[in-house]
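protein-v9.cif follows (mmCIF, C-alpha atoms and all ligand atoms):
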```cif
data_protein
loop_
_atom_site.label_atom_id
_atom_site.label_comp_id
_atom_site.auth_asym_id
_atom_site.auth_seq_id
_atom_site.Cartn_x
_atom_site.Cartn_y
_atom_site.Cartn_z
CA MET U 3 49.35 84.69 -20.53
CA ALA U 4 48.71 87.12 -17.69
CA SER U 5 46.91 89.91 -19.44
CA SER U 6 43.52 91.44 -19.23
CA VAL U 7 43.10 91.74 -22.98
CA PHE U 8 42.83 87.99 -23.40
CA PHE U 9 39.59 86.45 -22.26
CA THR U 10 39.48 82.85 -21.18
CA HIS U 11 36.48 80.57 -21.47
CA SER U 12 36.53 77.12 -20.03
CA HIS U 13 34.00 76.01 -22.64
CA CYS U 14 32.13 77.35 -25.64
CA TYR U 15 28.48 78.09 -25.22
CA SER U 16 27.50 76.02 -28.20
CA SER U 17 23.83 76.13 -27.27
CA LYS U 18 23.99 79.91 -27.72
CA PRO U 19 25.79 80.56 -31.00
CA SER U 20 27.04 84.07 -31.50
CA SER U 21 24.66 84.59 -34.38
CA LEU U 22 21.18 83.18 -34.51
CA VAL U 23 21.23 83.60 -38.27
CA PHE U 24 23.98 81.02 -38.63
CA ARG U 25 22.19 78.50 -36.50
CA LEU U 26 18.92 78.86 -38.35
CA HIS U 27 20.52 78.40 -41.72
CA ARG U 28 22.94 75.69 -40.77
CA GLN U 29 22.67 72.59 -42.92
CA VAL U 30 24.77 69.61 -42.17
CA GLY U 31 25.68 66.92 -44.63
CA LEU U 32 28.52 64.47 -44.97
CA GLY U 33 30.46 63.67 -48.07
CA PRO U 34 33.92 62.67 -49.18
CA THR U 35 36.12 65.23 -50.86
CA SER U 36 39.08 64.96 -53.18
CA LEU U 37 41.44 64.56 -50.25
CA GLY U 38 39.54 61.62 -48.88
CA PHE U 39 38.28 63.21 -45.69
CA SER U 40 34.78 63.67 -44.45
CA SER U 41 33.51 67.20 -44.17
CA SER U 42 30.33 68.65 -42.88
CA HIS U 43 28.77 71.29 -45.07
CA VAL U 44 27.65 74.29 -43.14
CA ALA U 45 25.69 76.88 -45.00
CA PRO U 46 25.43 80.20 -43.19
CA VAL U 47 23.59 81.61 -46.21
CA ALA U 48 23.12 85.05 -44.72
CA VAL U 49 26.83 85.70 -45.11
CA MET U 50 28.12 83.20 -47.63
CA ALA U 51 25.69 82.89 -50.49
CA THR U 52 27.96 80.71 -52.60
CA ASP U 53 30.72 78.21 -51.95
CA SER U 54 29.50 77.47 -48.47
CA SER U 55 31.06 74.07 -47.93
CA PHE U 56 32.62 73.93 -44.50
CA LYS U 57 35.63 71.70 -44.01
CA VAL U 58 37.12 70.07 -40.97
CA ILE U 59 40.86 70.15 -41.63
CA ASP U 60 41.74 66.58 -40.77
CA GLY U 61 45.32 66.77 -39.52
CA LYS U 62 45.23 63.20 -38.38
CA SER U 63 44.56 61.81 -41.83
CA VAL U 64 46.93 64.21 -43.59
CA ALA U 65 49.63 63.22 -41.08
CA LYS U 66 48.95 59.56 -41.88
CA GLN U 67 49.28 60.30 -45.59
CA ILE U 68 52.61 62.05 -44.97
CA ARG U 69 53.88 59.19 -42.79
CA ASP U 70 53.07 56.81 -45.65
CA GLU U 71 55.09 58.98 -48.04
CA ILE U 72 57.99 59.02 -45.55
CA THR U 73 57.80 55.24 -45.08
CA ALA U 74 58.24 54.76 -48.83
CA GLU U 75 61.19 57.17 -48.97
CA VAL U 76 62.89 55.60 -45.96
CA SER U 77 62.73 52.15 -47.53
CA ARG U 78 63.88 53.43 -50.93
CA MET U 79 66.89 55.00 -49.19
CA ARG U 80 67.66 51.87 -47.20
CA GLU U 81 67.45 49.69 -50.28
CA SER U 82 69.56 51.88 -52.55
CA ILE U 83 72.32 53.17 -50.22
CA GLY U 84 71.84 51.14 -47.03
CA VAL U 85 71.23 54.17 -44.81
CA ILE U 86 68.51 54.32 -42.18
CA PRO U 87 67.63 57.81 -40.88
CA GLY U 88 68.11 58.20 -37.10
CA LEU U 89 66.52 60.56 -34.59
CA ALA U 90 67.89 61.15 -31.08
CA VAL U 91 65.52 62.56 -28.47
CA ILE U 92 66.82 63.98 -25.20
CA LEU U 93 64.30 64.14 -22.37
CA VAL U 94 65.32 65.75 -19.08
CA GLY U 95 63.14 65.24 -16.00
CA ASP U 96 59.86 63.44 -15.59
CA ARG U 97 57.11 65.76 -16.71
CA LYS U 98 54.22 63.51 -17.64
CA ASP U 99 53.21 65.43 -20.76
CA SER U 100 56.81 65.47 -22.05
CA ALA U 101 57.16 61.74 -21.46
CA THR U 102 53.96 61.16 -23.44
CA TYR U 103 55.12 63.33 -26.34
CA VAL U 104 58.50 61.58 -26.44
CA ARG U 105 56.85 58.17 -26.41
CA ASN U 106 54.59 59.23 -29.30
CA LYS U 107 57.59 60.48 -31.27
CA LYS U 108 59.36 57.17 -30.74
CA LYS U 109 56.29 55.22 -31.87
CA ALA U 110 55.99 57.45 -34.94
CA CYS U 111 59.66 56.78 -35.83
CA GLU U 112 59.07 53.06 -35.62
CA SER U 113 55.98 53.31 -37.80
CA VAL U 114 57.98 54.79 -40.71
CA GLY U 115 61.23 52.82 -40.25
CA ILE U 116 63.33 55.63 -38.75
CA ASN U 117 65.74 54.57 -35.98
CA SER U 118 65.12 56.30 -32.67
CA LEU U 119 67.56 56.77 -29.82
CA GLU U 120 66.46 58.17 -26.50
CA ALA U 121 68.40 59.76 -23.65
CA ASN U 122 66.35 60.01 -20.50
CA LEU U 123 68.14 62.20 -17.96
CA PRO U 124 67.00 62.88 -14.40
CA GLU U 125 65.48 66.22 -13.43
CA ASN U 126 68.55 67.18 -11.36
CA SER U 127 71.03 66.66 -14.22
CA THR U 128 73.46 69.46 -14.89
CA GLU U 129 73.52 71.53 -18.04
CA GLU U 130 76.94 70.06 -18.74
CA GLU U 131 75.53 66.53 -18.74
CA VAL U 132 72.92 67.51 -21.30
CA LEU U 133 75.61 69.23 -23.39
CA ASN U 134 77.69 66.02 -23.26
CA TYR U 135 74.80 64.03 -24.70
CA ILE U 136 74.33 66.59 -27.44
CA ALA U 137 78.05 66.47 -28.26
CA GLY U 138 77.86 62.68 -28.54
CA TYR U 139 74.90 62.81 -30.91
CA ASN U 140 76.51 65.65 -32.89
CA ASP U 141 79.44 63.32 -33.63
CA ASP U 142 77.39 60.15 -34.20
CA PRO U 143 76.96 59.55 -37.96
CA SER U 144 73.94 57.29 -37.36
CA VAL U 145 72.08 60.25 -35.84
CA HIS U 146 70.58 62.62 -38.42
CA GLY U 147 68.32 64.57 -36.11
CA ILE U 148 68.59 65.72 -32.48
CA LEU U 149 65.58 66.90 -30.51
CA VAL U 150 65.83 68.29 -26.98
CA GLN U 151 62.35 68.04 -25.52
CA LEU U 152 61.11 71.36 -24.15
CA PRO U 153 60.52 72.73 -21.60
CA LEU U 154 63.82 72.01 -19.85
CA PRO U 155 64.10 72.13 -16.05
CA SER U 156 64.26 75.75 -14.89
CA HIS U 157 67.87 75.53 -13.66
CA MET U 158 69.09 75.03 -17.22
CA ASN U 159 69.83 77.70 -19.80
CA GLU U 160 67.69 76.75 -22.78
CA GLN U 161 69.65 78.99 -25.15
CA ASN U 162 72.99 77.35 -24.32
CA ILE U 163 71.50 73.94 -24.93
CA LEU U 164 69.72 74.74 -28.20
CA ASN U 165 72.87 76.51 -29.45
CA ALA U 166 74.85 73.30 -28.94
CA VAL U 167 72.87 71.23 -31.45
CA ARG U 168 74.70 71.05 -34.80
CA ILE U 169 72.61 73.04 -37.24
CA GLU U 170 72.78 70.14 -39.72
CA LYS U 171 70.96 67.96 -37.14
CA ASP U 172 68.60 70.63 -35.78
CA VAL U 173 65.38 68.90 -36.88
CA ASP U 174 63.36 71.06 -34.46
CA GLY U 175 64.60 74.16 -36.28
CA PHE U 176 65.24 75.91 -32.95
CA HIS U 177 68.92 76.78 -33.44
CA PRO U 178 69.25 80.58 -33.69
CA LEU U 179 71.02 80.25 -37.06
CA ASN U 180 68.10 78.33 -38.54
CA ILE U 181 65.58 80.79 -37.05
CA GLY U 182 67.65 83.74 -38.27
CA ARG U 183 67.71 82.37 -41.79
CA LEU U 184 63.94 81.84 -41.65
CA ALA U 185 63.58 85.53 -40.87
CA MET U 186 65.73 86.69 -43.80
CA ARG U 187 64.62 87.03 -47.39
CA GLY U 188 66.66 85.00 -49.81
CA ARG U 189 68.11 82.79 -47.07
CA GLU U 190 67.07 79.21 -46.46
CA PRO U 191 67.08 77.57 -43.04
CA LEU U 192 68.29 73.95 -42.98
CA PHE U 193 65.14 73.04 -41.02
CA VAL U 194 61.79 74.71 -40.39
CA PRO U 195 60.22 74.25 -36.91
CA CYS U 196 57.81 71.32 -36.97
CA THR U 197 54.59 72.83 -35.63
CA PRO U 198 54.52 75.92 -37.88
CA LYS U 199 55.65 73.79 -40.82
CA GLY U 200 52.73 71.45 -40.12
CA CYS U 201 50.32 74.40 -40.10
CA ILE U 202 51.49 75.58 -43.53
CA GLU U 203 51.47 72.02 -44.86
CA LEU U 204 47.80 71.70 -43.85
CA LEU U 205 46.99 74.92 -45.73
CA HIS U 206 48.82 73.60 -48.82
CA ARG U 207 47.19 70.18 -48.74
CA TYR U 208 43.75 71.78 -48.44
CA ASN U 209 44.50 74.13 -51.34
CA VAL U 210 44.14 77.25 -49.22
CA SER U 211 45.87 80.04 -51.10
CA ILE U 212 48.09 82.17 -48.89
CA LYS U 213 49.55 84.68 -51.33
CA GLY U 214 48.15 88.17 -50.81
CA LYS U 215 45.86 87.03 -47.98
CA ARG U 216 45.58 88.67 -44.59
CA ALA U 217 46.94 86.30 -41.97
CA VAL U 218 46.83 86.84 -38.24
CA VAL U 219 49.00 84.82 -35.88
CA ILE U 220 47.86 84.86 -32.28
CA GLY U 221 50.84 84.38 -29.97
CA ARG U 222 54.54 85.18 -30.48
CA SER U 223 56.40 82.22 -28.97
CA ASN U 224 59.79 81.21 -30.36
CA ILE U 225 58.58 77.71 -31.15
CA VAL U 226 55.23 78.47 -32.83
CA GLY U 227 53.96 82.03 -33.18
CA MET U 228 57.07 83.79 -34.47
CA PRO U 229 58.15 81.11 -36.94
CA ALA U 230 54.53 80.68 -38.13
CA ALA U 231 54.35 84.41 -38.88
CA LEU U 232 57.69 84.25 -40.74
CA LEU U 233 56.55 81.27 -42.80
CA LEU U 234 53.25 82.95 -43.75
CA GLN U 235 55.19 86.03 -44.80
CA ARG U 236 57.51 83.88 -46.92
CA GLU U 237 54.34 82.59 -48.59
CA ASP U 238 53.41 86.20 -49.45
CA ALA U 239 50.66 86.70 -46.88
CA THR U 240 50.24 90.06 -45.16
CA VAL U 241 50.88 89.08 -41.57
CA SER U 242 49.90 90.58 -38.24
CA ILE U 243 50.89 89.17 -34.87
CA VAL U 244 48.43 89.58 -32.02
CA HIS U 245 49.86 89.09 -28.53
CA SER U 246 49.14 89.75 -24.87
CA ARG U 247 49.87 93.47 -25.18
CA THR U 248 47.82 94.06 -28.33
CA SER U 249 45.18 96.64 -27.47
CA ASN U 250 42.50 95.62 -30.00
CA PRO U 251 43.00 91.90 -30.66
CA GLU U 252 39.42 91.17 -31.76
CA GLU U 253 39.44 93.96 -34.31
CA ILE U 254 42.65 92.68 -35.90
CA ILE U 255 41.65 89.01 -35.79
CA ARG U 256 38.34 89.87 -37.48
CA GLN U 257 40.26 91.01 -40.58
CA ALA U 258 42.04 87.69 -41.03
CA ASP U 259 41.49 85.38 -43.99
CA ILE U 260 43.81 82.92 -42.22
CA ILE U 261 44.15 82.60 -38.44
CA ILE U 262 46.89 80.64 -36.72
CA ALA U 263 46.07 80.54 -33.01
CA ALA U 264 48.96 79.61 -30.71
CA VAL U 265 48.51 81.12 -27.27
CA GLY U 266 47.56 78.24 -25.01
CA GLN U 267 44.28 79.80 -23.78
CA ALA U 268 41.32 77.45 -23.94
CA ASN U 269 38.55 78.66 -26.27
CA MET U 270 39.92 82.19 -26.34
CA VAL U 271 38.92 83.04 -29.92
CA ARG U 272 35.14 83.39 -30.13
CA GLY U 273 32.92 83.03 -33.17
CA SER U 274 32.21 86.77 -33.24
CA TRP U 275 35.94 87.46 -33.74
CA ILE U 276 36.06 85.46 -36.96
CA LYS U 277 35.58 86.84 -40.46
CA PRO U 278 33.03 84.70 -42.33
CA GLY U 279 34.84 82.20 -44.53
CA ALA U 280 38.17 82.46 -42.72
CA VAL U 281 40.45 79.43 -42.44
CA ILE U 282 41.52 78.60 -38.89
CA ILE U 283 44.55 76.61 -37.79
CA ASP U 284 44.27 75.98 -34.06
CA VAL U 285 47.60 75.06 -32.43
CA GLY U 286 46.35 75.17 -28.83
CA ILE U 287 46.21 71.97 -26.79
CA ASN U 288 44.54 72.95 -23.53
CA PRO U 289 43.23 70.54 -20.91
CA VAL U 290 39.85 71.56 -19.48
CA GLU U 291 37.80 69.77 -16.85
CA ASP U 292 35.38 67.24 -18.26
CA PRO U 293 33.47 65.04 -15.84
CA ASN U 294 32.24 62.91 -18.77
CA SER U 295 35.77 61.86 -19.73
CA PRO U 296 37.40 58.92 -17.95
CA ARG U 297 40.53 61.03 -17.48
CA GLY U 298 38.53 63.86 -15.90
CA TYR U 299 39.64 66.32 -18.57
CA LYS U 300 39.50 66.82 -22.30
CA LEU U 301 41.69 68.76 -24.72
CA VAL U 302 40.42 71.89 -26.44
CA GLY U 303 42.07 74.42 -28.71
CA ASP U 304 42.60 78.17 -28.45
CA VAL U 305 39.55 78.64 -30.68
CA CYS U 306 35.98 78.00 -29.62
CA TYR U 307 35.40 75.16 -32.09
CA GLU U 308 31.62 74.95 -31.86
CA GLU U 309 31.33 78.64 -32.67
CA ALA U 310 34.09 78.64 -35.28
CA ILE U 311 32.54 75.90 -37.43
CA ARG U 312 29.47 78.07 -37.92
CA ILE U 313 31.38 80.95 -39.44
CA ALA U 314 34.78 79.81 -40.72
CA SER U 315 35.21 77.93 -44.01
CA ALA U 316 37.66 75.46 -42.50
CA VAL U 317 38.93 74.69 -39.00
CA THR U 318 41.42 72.25 -37.49
CA PRO U 319 39.99 70.22 -34.60
CA VAL U 320 41.75 69.57 -31.28
CA PRO U 321 42.82 66.84 -30.93
CA GLY U 322 43.37 65.53 -34.47
CA GLY U 323 44.51 68.77 -36.09
CA VAL U 324 47.97 70.30 -35.77
CA GLY U 325 49.30 67.87 -33.12
CA PRO U 326 49.70 64.84 -35.41
CA MET U 327 51.19 67.12 -38.10
CA THR U 328 53.93 68.27 -35.71
CA ILE U 329 55.13 64.70 -35.36
CA ALA U 330 54.86 64.01 -39.10
CA MET U 331 57.01 67.10 -39.79
CA LEU U 332 59.61 65.90 -37.30
CA LEU U 333 59.88 62.63 -39.21
CA GLN U 334 60.05 64.56 -42.48
CA ASN U 335 62.85 66.79 -41.15
CA THR U 336 64.79 63.72 -40.02
CA LEU U 337 64.44 62.19 -43.50
CA ILE U 338 65.49 65.49 -45.13
CA SER U 339 68.57 65.57 -42.90
CA ALA U 340 69.61 62.00 -43.75
CA LYS U 341 69.06 62.61 -47.48
CA ARG U 342 71.09 65.81 -47.35
CA VAL U 343 74.10 64.37 -45.57
CA HIS U 344 74.19 61.34 -47.89
CA ASN U 345 73.44 63.32 -51.05
CA PHE U 346 70.44 61.11 -51.73
CA GLU U 347 67.67 62.52 -53.87
N1 LIG U 401 61.78 70.18 -28.62
C1 LIG U 401 60.45 70.09 -28.69
N2 LIG U 401 59.86 69.89 -29.89
C2 LIG U 401 58.49 69.78 -29.99
O1 LIG U 401 57.96 69.61 -31.10
C3 LIG U 401 57.71 69.88 -28.80
C4 LIG U 401 58.39 70.08 -27.58
N3 LIG U 401 59.73 70.20 -27.56
N4 LIG U 401 57.68 70.19 -26.44
C5 LIG U 401 56.24 70.03 -26.38
C6 LIG U 401 55.58 70.41 -27.70
C7 LIG U 401 54.20 69.85 -27.88
N5 LIG U 401 54.27 68.97 -29.02
C8 LIG U 401 53.23 68.15 -29.48
C9 LIG U 401 53.39 67.16 -30.43
C10 LIG U 401 52.35 66.35 -30.82
C11 LIG U 401 51.09 66.46 -30.26
C12 LIG U 401 50.00 65.54 -30.67
O2 LIG U 401 50.21 64.62 -31.44
N6 LIG U 401 48.76 65.71 -30.20
C13 LIG U 401 47.65 64.85 -30.58
C14 LIG U 401 47.18 64.01 -29.40
C15 LIG U 401 46.82 64.77 -28.16
C16 LIG U 401 46.44 63.84 -26.99
O3 LIG U 401 45.39 63.19 -27.06
O4 LIG U 401 47.22 63.77 -25.99
C17 LIG U 401 46.53 65.69 -31.17
O5 LIG U 401 46.55 66.93 -31.01
O6 LIG U 401 45.67 65.12 -31.82
C18 LIG U 401 50.89 67.46 -29.32
C19 LIG U 401 51.95 68.29 -28.95
C20 LIG U 401 55.55 68.96 -29.50
N7 LIG U 401 56.33 69.79 -28.79
#
```
Would you mind giving the structure from this file in structure tokens?
Ligand SMILES: Nc1nc(=O)c2c([nH]1)NC[C@@H]1CN(c3ccc(C(=O)N[C@@H](CCC(=O)O)C(=O)O)cc3)C=[N+]21
Amino acid sequence: MASSVFFTHSHCYSSKPSSLVFRLHRQVGLGPTSLGFSSSHVAPVAVMATDSSFKVIDGKSVAKQIRDEITAEVSRMRESIGVIPGLAVILVGDRKDSATYVRNKKKACESVGINSLEANLPENSTEEEVLNYIAGYNDDPSVHGILVQLPLPSHMNEQNILNAVRIEKDVDGFHPLNIGRLAMRGREPLFVPCTPKGCIELLHRYNVSIKGKRAVVIGRSNIVGMPAALLLQREDATVSIVHSRTSNPEEIIRQADIIIAAVGQANMVRGSWIKPGAVIIDVGINPVEDPNSPRGYKLVGDVCYEEAIRIASAVTPVPGGVGPMTIAMLLQNTLISAKRVHNFE
């Protein structure tokens, strides 16, 4: 994001919290909650006199819970009508991160009993070759979901390729018809994009009420920011979108009861930008140098976590927050697709 309004920080200055008051009054304790996760209780009493229990939103354990639900449904379906849901993933080129994501998706399919097919095409493939694979999967009745891993090589037209996926198999929810329906009141998309769907699912499973709340989405990408804003609006939030040309991002973000951060800027959102008690869903997955890690880097979100936990009421960590939910939602969409085509309830 090449803009001067967005500040980048390679790390949070956790030894210098934005408010001394919060640090002085911080009390940490551990205890199970009704959802079965551990949470640390932070009590910034100067601002939040009551109900000051801070929660880590544990996407990893919620995703596990959802995978267990999907596993049960997949086997019920197999036993009663003999159908096994199938997901086809098309990977073009050899980007390391994409290969890792695709491998994780495949593993996740196996873990719930969904069949996975994979087409691995070389970087220099033509658009036509990719379209041929899509056409084959469109016509294959054992395939209920088709995912074209993004980003595609730059010589390909992403729109042409996403348009070619049958909307009934568009488990990524990226077909313009599905996105268009998401944007319209009274219309239902066949699939909702996985990452934004995972964000909303986390809010639901943590009993965060959305109706009537002020929500701010940071970032306006087709795959996260825009659909996240549309989903929040469908849930009756009052939604603002902050982006690289927003003149007063901090001021707008500070009004949010719910923040969904999806810009891809490490630690961009500082503690001082957060309204006390806000709920934060951090979609960013940004590598930053870390000499203490064997890989030489670690992953951080778009939100300065160490600062956020002192002021927000709940925050998703990175890793272990939205990422695992994205994959769980992909499995869920594949199951929904198979159930729909076979009229199985
Ligand atoms: N057609 C398409 N659909 C996608 O859904 C799609 C895509 N293209 N291109 C790339 C992005 C990225 N994405 C992630 C999925 C899971 C994690 C994930 O599970 N992350 C873990 C582990 C992170 C790690 O340690 O490497 C975590 O955050 O805890 C991250 C990122 C899906 N994407």
message: Counting all atoms listed in the file, which residue out of U:Gly200, U:Pro191, U:Pro124, U:Pro326 sits closest to ligand LIG 401 (chain U)?
response: U:Pro326
message: Which residues are near ligand LIG 401 (chain U) - at most 10 Å, using all atoms listed in the file? Format: as JSON, numbers by chain.
response: {"U": [60, 61, 62, 65, 91, 92, 93, 99, 100, 101, 102, 103, 104, 106, 107, 110, 148, 149, 150, 151, 152, 153, 154, 164, 172, 173, 174, 175, 176, 195, 196, 197, 198, 225, 226, 284, 285, 286, 287, 288, 289, 300, 301, 302, 303, 318, 319, 320, 321, 322, 323, 324, 325, 326, 327, 328, 329, 330, 331, 332]}
How about saving the chosen residues, C-alpha atoms kept, as a short mmCIF file (atom, residue, chain, number, x, y, z; two decimals), in the coordinates of the input?
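The resulting selection38.cif:
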```cif
data_model
loop_
_atom_site.label_atom_id
_atom_site.label_comp_id
_atom_site.auth_asym_id
_atom_site.auth_seq_id
_atom_site.Cartn_x
_atom_site.Cartn_y
_atom_site.Cartn_z
CA ASP U 60 41.74 66.58 -40.77
CA GLY U 61 45.32 66.77 -39.52
CA LYS U 62 45.23 63.20 -38.38
CA ALA U 65 49.63 63.22 -41.08
CA VAL U 91 65.52 62.56 -28.47
CA ILE U 92 66.82 63.98 -25.20
CA LEU U 93 64.30 64.14 -22.37
CA ASP U 99 53.21 65.43 -20.76
CA SER U 100 56.81 65.47 -22.05
CA ALA U 101 57.16 61.74 -21.46
CA THR U 102 53.96 61.16 -23.44
CA TYR U 103 55.12 63.33 -26.34
CA VAL U 104 58.50 61.58 -26.44
CA ASN U 106 54.59 59.23 -29.30
CA LYS U 107 57.59 60.48 -31.27
CA ALA U 110 55.99 57.45 -34.94
CA ILE U 148 68.59 65.72 -32.48
CA LEU U 149 65.58 66.90 -30.51
CA VAL U 150 65.83 68.29 -26.98
CA GLN U 151 62.35 68.04 -25.52
CA LEU U 152 61.11 71.36 -24.15
CA PRO U 153 60.52 72.73 -21.60
CA LEU U 154 63.82 72.01 -19.85
CA LEU U 164 69.72 74.74 -28.20
CA ASP U 172 68.60 70.63 -35.78
CA VAL U 173 65.38 68.90 -36.88
CA ASP U 174 63.36 71.06 -34.46
CA GLY U 175 64.60 74.16 -36.28
CA PHE U 176 65.24 75.91 -32.95
CA PRO U 195 60.22 74.25 -36.91
CA CYS U 196 57.81 71.32 -36.97
CA THR U 197 54.59 72.83 -35.63
CA PRO U 198 54.52 75.92 -37.88
CA ILE U 225 58.58 77.71 -31.15
CA VAL U 226 55.23 78.47 -32.83
CA ASP U 284 44.27 75.98 -34.06
CA VAL U 285 47.60 75.06 -32.43
CA GLY U 286 46.35 75.17 -28.83
CA ILE U 287 46.21 71.97 -26.79
CA ASN U 288 44.54 72.95 -23.53
CA PRO U 289 43.23 70.54 -20.91
CA LYS U 300 39.50 66.82 -22.30
CA LEU U 301 41.69 68.76 -24.72
CA VAL U 302 40.42 71.89 -26.44
CA GLY U 303 42.07 74.42 -28.71
CA THR U 318 41.42 72.25 -37.49
CA PRO U 319 39.99 70.22 -34.60
CA VAL U 320 41.75 69.57 -31.28
CA PRO U 321 42.82 66.84 -30.93
CA GLY U 322 43.37 65.53 -34.47
CA GLY U 323 44.51 68.77 -36.09
CA VAL U 324 47.97 70.30 -35.77
CA GLY U 325 49.30 67.87 -33.12
CA PRO U 326 49.70 64.84 -35.41
CA MET U 327 51.19 67.12 -38.10
CA THR U 328 53.93 68.27 -35.71
CA ILE U 329 55.13 64.70 -35.36
CA ALA U 330 54.86 64.01 -39.10
CA MET U 331 57.01 67.10 -39.79
CA LEU U 332 59.61 65.90 -37.30
#
```
- request: May I have the protein, DNA and RNA residues with an atom at most 12 Å from (75.7, 57.0, -36.2), counting all atoms listed in the file in the file's coordinates, returned as a ChimeraX atom specification?
  value: /U:85-90,117-119,138-148,171,340
query: If you measure from CA of Pro251 (chain U) to CA of Arg207 (chain U), what distance in Å do you get, rounded to one decimal?
result: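 Computed distance, CA of Pro251 (chain U) to CA of Arg207 (chain U), equals 28.6 Å.
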query: Just how far from CA of Cys111 (chain U) is CA of Asn335 (chain U), in Å to one decimal?
result: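 About the pair CA of Asn335 (chain U) and CA of Cys111 (chain U): they are 11.8 Å apart.
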- prompt: When you draw a straight line from CA of Val241 (chain U) to CA of Val218 (chain U), how long is it in Å?
  reply: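 So the answer is 5.7 Å.
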query: Using only C-alpha atoms, can you list as JSON, numbers by chain the residues within 9 Å of (42.1, 83.8, -44.7)?
result: {"U": [210, 211, 212, 215, 216, 217, 218, 257, 258, 259, 260, 261, 277, 279, 280, 281, 282]}
field: Selected residue of minimal separation from Ser113 (chain U) among U:Ser223, U:Asn126, U:Gln235, U:Thr73, counting only C-alpha atoms
entry: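 Of U:Ser223, U:Asn126, U:Gln235, U:Thr73, the one nearest Ser113 (chain U), counting only C-alpha atoms, is U:Thr73.
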task: Rank nothing, just name the residue among U:Leu232, U:Ile72, U:Leu133, U:Val114 nearest to Gly182 (chain U), using all atoms listed in the file.
output: U:Leu232
- request: Would you please work out which residue, of U:Arg222, U:Lys66, U:Arg312, U:Arg236, is nearest to Gly273 (chain U) when using only C-alpha atoms?
  value: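 Closest candidate: U:Arg312.
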field: Residue among U:Lys57, U:His157, U:Arg342, U:Lys108 lying closest to Val94 (chain U), counting all atoms listed in the file
entry: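 The shortest atom-to-atom distance to Val94 (chain U) comes from U:His157.
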message: Under the rule that all atoms listed in the file are counted, which of U:Glu170, U:Arg80, U:Arg69, U:Met158 is the nearest residue to Lys109 (chain U)?
response: U:Arg69
Using all atoms of region 187-198 of chain U listed in the file and a margin of 5 Å per side, can you give the axis-aligned box centre and edge lengths in Å to one decimal, as JSON?
```
{"center_x": 61.4, "center_y": 79.2, "center_z": -42.7, "size_x": 23.8, "size_y": 25.7, "size_z": 24.2}
```
